[in-house]
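Text of the file work04.cif, holding mmCIF, C-alpha atoms:
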data_coords
loop_
_atom_site.label_atom_id
_atom_site.label_comp_id
_atom_site.auth_asym_id
_atom_site.auth_seq_id
_atom_site.Cartn_x
_atom_site.Cartn_y
_atom_site.Cartn_z
CA ASP A 1 16.90 -2.13 12.40
CA THR A 2 14.42 -0.37 10.11
CA ALA A 3 13.34 -2.76 7.36
CA VAL A 4 12.48 -0.19 4.68
CA SER A 5 13.91 3.25 5.21
CA GLN A 6 13.41 6.28 3.04
CA THR A 7 14.85 9.74 3.27
CA PRO A 8 14.03 12.48 3.70
CA LYS A 9 10.89 12.27 5.80
CA TYR A 10 9.77 15.73 4.71
CA LEU A 11 10.71 17.69 1.63
CA VAL A 12 9.59 21.25 0.95
CA THR A 13 10.70 22.82 -2.30
CA GLN A 14 9.71 25.32 -4.94
CA MET A 15 8.20 24.72 -8.34
CA GLY A 16 10.76 23.99 -11.01
CA ASN A 17 13.32 22.44 -8.69
CA ASP A 18 14.73 18.93 -8.98
CA LYS A 19 14.69 16.62 -5.96
CA SER A 20 15.45 13.03 -5.04
CA ILE A 21 14.05 10.59 -2.50
CA LYS A 22 16.16 7.64 -1.42
CA CYS A 23 15.00 4.21 -0.31
CA GLU A 24 16.83 1.23 1.11
CA GLN A 25 15.60 -2.13 2.38
CA ASN A 26 17.50 -4.66 4.47
CA LEU A 27 14.99 -7.50 4.13
CA GLY A 28 16.72 -9.20 1.24
CA HIS A 29 13.67 -8.66 -0.96
CA ASP A 30 13.92 -8.83 -4.74
CA THR A 31 11.19 -6.34 -5.57
CA MET A 32 10.86 -2.66 -4.68
CA TYR A 33 8.12 -0.16 -5.41
CA TRP A 34 7.23 3.50 -5.38
CA TYR A 35 3.67 4.46 -4.51
CA LYS A 36 2.14 7.93 -4.47
CA GLN A 37 -0.54 8.84 -1.91
CA ASP A 38 -2.42 11.99 -2.78
CA SER A 39 -4.39 14.32 -0.53
CA LYS A 40 -7.46 12.06 -0.77
CA LYS A 41 -5.33 9.16 0.50
CA PHE A 42 -5.45 7.27 -2.82
CA LEU A 43 -2.46 4.94 -3.07
CA LYS A 44 -1.31 4.57 -6.63
CA ILE A 45 1.61 2.50 -7.85
CA MET A 46 4.19 4.38 -9.86
CA PHE A 47 7.10 2.00 -10.46
CA SER A 48 8.35 -1.41 -9.52
CA TYR A 49 11.77 -2.98 -9.89
CA ASN A 50 12.63 -6.65 -9.59
CA ASN A 51 16.33 -7.38 -9.15
CA LYS A 52 17.20 -3.96 -10.55
CA GLU A 53 14.99 -4.43 -13.62
CA LEU A 54 11.99 -2.15 -14.21
CA ILE A 55 8.84 -4.29 -14.32
CA ILE A 56 6.06 -1.79 -13.66
CA ASN A 57 5.95 1.70 -15.10
CA GLU A 58 2.52 3.20 -14.68
CA THR A 59 1.37 6.35 -16.48
CA VAL A 60 3.75 8.64 -14.68
CA PRO A 61 5.17 11.84 -16.22
CA ASN A 62 8.69 11.32 -17.48
CA ARG A 63 9.84 13.99 -15.03
CA PHE A 64 9.85 11.06 -12.58
CA SER A 65 12.81 8.76 -12.99
CA PRO A 66 13.46 5.79 -10.72
CA LYS A 67 16.91 4.30 -10.34
CA SER A 68 17.88 1.01 -8.75
CA PRO A 69 21.65 0.68 -8.31
CA ASP A 70 21.18 -2.70 -6.62
CA LYS A 71 18.23 -4.72 -5.38
CA ALA A 72 18.39 -3.15 -1.91
CA HIS A 73 18.03 0.41 -3.17
CA LEU A 74 15.43 2.24 -5.21
CA ASN A 75 15.66 6.00 -5.56
CA LEU A 76 13.20 8.42 -7.11
CA HIS A 77 14.33 11.56 -8.89
CA ILE A 78 11.82 14.22 -9.84
CA ASN A 79 12.67 16.98 -12.31
CA SER A 80 10.92 20.32 -12.72
CA LEU A 81 8.64 19.88 -9.75
CA GLU A 82 5.01 21.00 -10.11
CA LEU A 83 2.37 21.88 -7.51
CA GLY A 84 0.50 18.66 -8.36
CA ASP A 85 3.48 16.58 -7.32
CA SER A 86 2.75 17.42 -3.68
CA ALA A 87 1.91 14.12 -2.02
CA VAL A 88 3.30 11.43 0.25
CA TYR A 89 5.61 9.05 -1.58
CA PHE A 90 6.01 5.55 -0.19
CA CYS A 91 8.76 3.13 -0.94
CA ALA A 92 7.92 -0.54 -0.38
CA SER A 93 9.45 -3.95 -0.92
CA SER A 94 8.33 -7.56 -1.22
CA PRO A 95 10.03 -10.90 -1.88
CA GLY A 96 8.51 -10.81 -5.35
CA SER A 97 7.75 -14.38 -6.21
CA SER A 98 6.34 -15.23 -2.78
CA TYR A 99 2.71 -14.41 -3.47
CA ASN A 100 1.34 -14.30 0.03
CA SER A 101 3.98 -11.89 1.22
CA PRO A 102 2.69 -8.46 2.03
CA LEU A 103 4.28 -5.23 0.99
CA HIS A 104 6.66 -3.80 3.56
CA PHE A 105 6.43 -0.02 3.52
CA GLY A 106 8.80 2.75 4.44
CA ASN A 107 7.40 5.58 6.53
CA GLY A 108 6.80 7.83 3.56
CA THR A 109 8.20 11.13 2.35
CA ARG A 110 5.85 14.09 2.42
CA LEU A 111 6.70 16.28 -0.54
CA THR A 112 5.35 19.82 -0.55
CA VAL A 113 5.85 21.92 -3.66
CA THR A 114 5.23 25.65 -3.22
CA ALA B 1 -7.15 -5.08 -15.23
CA GLN B 2 -7.88 -5.70 -11.60
CA THR B 3 -9.72 -3.11 -9.51
CA VAL B 4 -10.41 -2.81 -5.80
CA THR B 5 -13.41 -0.93 -4.43
CA GLN B 6 -14.07 0.26 -0.91
CA SER B 7 -17.53 1.76 -0.93
CA GLN B 8 -17.44 3.24 2.59
CA PRO B 9 -15.33 6.41 2.72
CA GLU B 10 -15.91 6.69 6.46
CA MET B 11 -17.25 4.50 9.26
CA SER B 12 -17.77 5.03 12.98
CA VAL B 13 -17.90 2.50 15.77
CA GLN B 14 -18.41 2.74 19.49
CA GLU B 15 -15.53 1.53 21.64
CA ALA B 16 -15.86 -2.21 22.43
CA GLU B 17 -18.34 -2.71 19.59
CA THR B 18 -17.85 -4.56 16.31
CA VAL B 19 -17.51 -2.98 12.88
CA THR B 20 -17.22 -4.41 9.38
CA LEU B 21 -15.41 -2.67 6.54
CA SER B 22 -16.31 -3.76 3.05
CA CYS B 23 -14.08 -4.42 0.04
CA THR B 24 -14.91 -5.81 -3.37
CA TYR B 25 -12.57 -6.49 -6.24
CA ASP B 26 -12.71 -7.38 -9.87
CA THR B 27 -10.36 -9.91 -11.45
CA SER B 28 -10.25 -12.68 -14.00
CA GLU B 29 -7.52 -14.52 -12.11
CA SER B 30 -8.40 -17.62 -10.12
CA ASP B 31 -5.48 -17.36 -7.73
CA TYR B 32 -4.47 -14.18 -5.94
CA TYR B 33 -3.87 -12.72 -2.50
CA LEU B 34 -5.75 -10.14 -0.50
CA PHE B 35 -4.60 -7.92 2.32
CA TRP B 36 -5.89 -5.32 4.73
CA TYR B 37 -3.59 -2.51 5.78
CA LYS B 38 -4.06 0.07 8.50
CA GLN B 39 -2.70 3.61 8.23
CA PRO B 40 -2.90 5.58 11.50
CA PRO B 41 -2.26 9.35 11.57
CA SER B 42 1.47 8.60 11.81
CA ARG B 43 1.04 7.55 8.09
CA GLN B 44 2.84 4.28 8.67
CA MET B 45 1.33 1.40 6.64
CA ILE B 46 0.72 -1.61 8.88
CA LEU B 47 -0.37 -5.05 7.70
CA VAL B 48 -3.52 -6.16 9.51
CA ILE B 49 -4.39 -9.47 7.87
CA ARG B 50 -3.88 -11.49 4.68
CA GLN B 51 -5.90 -14.11 2.79
CA GLU B 52 -4.95 -16.55 0.08
CA ALA B 53 -7.69 -16.93 -2.53
CA TYR B 54 -7.27 -20.71 -2.72
CA LYS B 55 -8.05 -21.07 0.99
CA GLN B 56 -11.71 -21.31 1.89
CA GLN B 57 -11.07 -20.70 5.56
CA ASN B 58 -11.32 -17.08 6.59
CA ALA B 59 -8.16 -15.57 8.08
CA THR B 60 -8.16 -14.37 11.68
CA GLU B 61 -5.65 -12.29 13.64
CA ASN B 62 -6.71 -11.65 17.22
CA ARG B 63 -9.61 -9.14 17.06
CA PHE B 64 -9.41 -8.91 13.26
CA SER B 65 -11.07 -11.38 10.92
CA VAL B 66 -12.16 -11.43 7.30
CA ASN B 67 -15.22 -12.67 5.49
CA PHE B 68 -13.87 -13.86 2.15
CA GLN B 69 -16.51 -14.66 -0.46
CA LYS B 70 -14.62 -15.67 -3.59
CA ALA B 71 -17.62 -16.06 -5.87
CA ALA B 72 -18.88 -12.64 -4.89
CA LYS B 73 -15.35 -11.19 -5.02
CA SER B 74 -15.83 -9.74 -1.59
CA PHE B 75 -13.27 -9.40 1.22
CA SER B 76 -14.63 -7.61 4.27
CA LEU B 77 -12.74 -6.89 7.48
CA LYS B 78 -14.40 -7.35 10.85
CA ILE B 79 -12.93 -5.63 13.89
CA SER B 80 -14.23 -6.95 17.19
CA ASP B 81 -14.04 -5.18 20.56
CA SER B 82 -12.97 -1.95 18.85
CA GLN B 83 -10.32 0.10 20.63
CA LEU B 84 -9.39 3.76 20.35
CA GLY B 85 -6.12 2.70 18.75
CA ASP B 86 -8.03 1.12 15.87
CA ALA B 87 -8.90 4.58 14.55
CA ALA B 88 -7.14 4.85 11.19
CA MET B 89 -7.51 4.60 7.43
CA TYR B 90 -7.97 1.01 6.32
CA PHE B 91 -6.94 -0.11 2.85
CA CYS B 92 -7.87 -3.29 1.09
CA ALA B 93 -5.23 -4.58 -1.35
CA TYR B 94 -5.12 -7.17 -4.11
CA ARG B 95 -1.94 -8.92 -5.15
CA THR B 96 -1.83 -10.30 -8.65
CA THR B 97 -0.18 -13.65 -9.34
CA SER B 98 1.09 -12.47 -12.69
CA GLY B 99 4.77 -11.78 -13.09
CA THR B 100 4.56 -8.09 -12.25
CA TYR B 101 4.06 -8.67 -8.48
CA LYS B 102 1.60 -5.80 -8.48
CA TYR B 103 -0.37 -4.75 -5.38
CA ILE B 104 -3.51 -2.74 -6.10
CA PHE B 105 -5.13 -0.72 -3.34
CA GLY B 106 -8.69 0.40 -2.72
CA THR B 107 -9.53 4.00 -1.93
CA GLY B 108 -9.59 3.43 1.81
CA THR B 109 -12.11 3.68 4.64
CA ARG B 110 -11.54 6.08 7.51
CA LEU B 111 -12.56 4.42 10.76
CA LYS B 112 -13.47 6.56 13.75
CA VAL B 113 -13.73 4.98 17.17
CA LEU B 114 -16.02 6.77 19.62
CA ALA B 115 -15.29 6.65 23.34
#
As structure tokens, how would this structure be written, given the file I've shared?
Amino acid sequence: DTAVSQTPKYLVTQMGNDKSIKCEQNLGHDTMYWYKQDSKKFLKIMFSYNNKELIINETVPNRFSPKSPDKAHLNLHINSLELGDSAVYFCASSPGSSYNSPLHFGNGTRLTVT
Amino acid sequence: AQTVTQSQPEMSVQEAETVTLSCTYDTSESDYYLFWYKQPPSRQMILVIRQEAYKQQNATENRFSVNFQKAAKSFSLKISDSQLGDAAMYFCAYRTTSGTYKYIFGTGTRLKVLA
């Protein structure tokens, strides 16, 4: 029943490792996003895909690579993890062209890099 | 580029009282959308209320209402009859009408509700 689901919920890993976070939405939305929330609770957009096409790519290190196999899925792969990557990562979706639609968020993945 | 500012890092309110959280934004667009989200300790992001910029009437959802001042680029959230469950981080968000479908968030206000 969950509208936007992301896995895992928690991820603890060591510096230098590679990890992935998966996201799926069953709302039929065209647009999906990755946001990063740091320890000060700042929510910053990282990427956005519309119908599998990348439309937003903020100033994110190229160690972060999003992949959208279809419009219901948007995964985030992170290479060579660093301490500063520790944060909560939120996946979200919206209908895209429907301007008054809010973002629908997943429950977040807390990534801890040690 | 659009920016969203929440100047109150933290606010406190007594249970059953009213509190107003402020939000200002900067944009050159004439049409856009504004939202308030609540993030309780569970970290879930919950939509509280939304406002279309072309509507002069302020949005209301039960105990939550906004004071939207387009000329001043201000979008404050009023919570009436505050409850303990209202304690959370509150984020103001701006949604551009350009083709990127971008949502920009403020830095958040932590609301404490005192019993």
Using all atoms listed in the file, I'd like a table of the residues in chain A that come within 8 Å of chain B; for each, show the closest atom pair and its distance in Å rounded to one decimal, ordered by chain and ascending number, as a Markdown table.
| residue | atom | partner | partner_atom | distance |
| --- | --- | --- | --- | --- |
| A:Lys41 | CA | B:Thr107 | CA | 7.1 |
| A:Phe42 | CA | B:Thr107 | CA | 5.3 |
| A:Leu43 | CA | B:Phe105 | CA | 6.3 |
| A:Lys44 | CA | B:Phe105 | CA | 7.3 |
| A:Ile45 | CA | B:Ile104 | CA | 7.5 |
| A:Ile55 | CA | B:Thr100 | CA | 6.1 |
| A:Ile56 | CA | B:Thr100 | CA | 6.6 |
| A:Gly96 | CA | B:Tyr101 | CA | 5.8 |
| A:Ser97 | CA | B:Tyr101 | CA | 7.2 |
| A:Tyr99 | CA | B:Thr97 | CA | 6.6 |
| A:Asn100 | CA | B:Tyr33 | CA | 6.0 |
| A:Pro102 | CA | B:Leu47 | CA | 7.3 |
| A:Leu103 | CA | B:Tyr103 | CA | 7.9 |
| A:Phe105 | CA | B:Met45 | CA | 6.1 |
| A:Gly106 | CA | B:Gln44 | CA | 7.5 |
| A:Asn107 | CA | B:Gln44 | CA | 5.2 |
| A:Gly108 | CA | B:Arg43 | CA | 7.3 |
Quick one: everything within 12 Å of A:Pro61, counting all atoms listed in the file, minus sequence neighbours fewer than 5 positions away in the same chain. Send it as a VMD selection string. chain A and resid 46 to 47 66 77 to 82 84 to 85
Show me the residues close to (-17.4, -8.1, -2.2) - anything with an atom within 6 Å, counting all atoms listed in the file - and format the list as a count of residues only. 6
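For the structure shown here, the set of residues caught by the PyMOL selection byres ((chain A and resi 114) around 9) is Val12, Thr13, Gln14, Met15, Glu82, Leu83, Ser86, Thr112 and Val113 of chain A.
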Report, in Å to a single decimal, how far apart atom CA of A:Gln6 and atom CA of A:Ser20 are. 10.7 Å
Could you jot down the atom CA of B:Asp86 to atom CA of B:Leu21 separation for me, Å, one decimal place? 12.5 Å
Which residues are close to B:Ser80, i.e. within 10 Å by all atoms listed in the file, leaving aside same-chain residues fewer than 3 positions away? Reply as a PyMOL selection string. chain B and resi 15-20+62-65+77+83
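With all atoms listed in the file as the atoms that count, the minimum distance from B:Leu114 to the choices B:Thr60, B:Thr27, B:Gln14, B:Gln69 is reached by B:Gln14.
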Can you turn the PyMOL selection byres ((chain B and resi 11) around 8) into a concrete residue list for this file, as a ChimeraX atom specification? /B:8-10,12-13,21,109-112
Using Å and a single decimal, report how far atom CA of B:Pro40 sits from atom CA of B:Tyr90. 8.6 Å
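Using all atoms listed in the file for every distance, the candidate list A:Trp34, A:Lys71, A:Lys19, A:Tyr10 yields A:Lys71 as the residue closest to A:Glu53.
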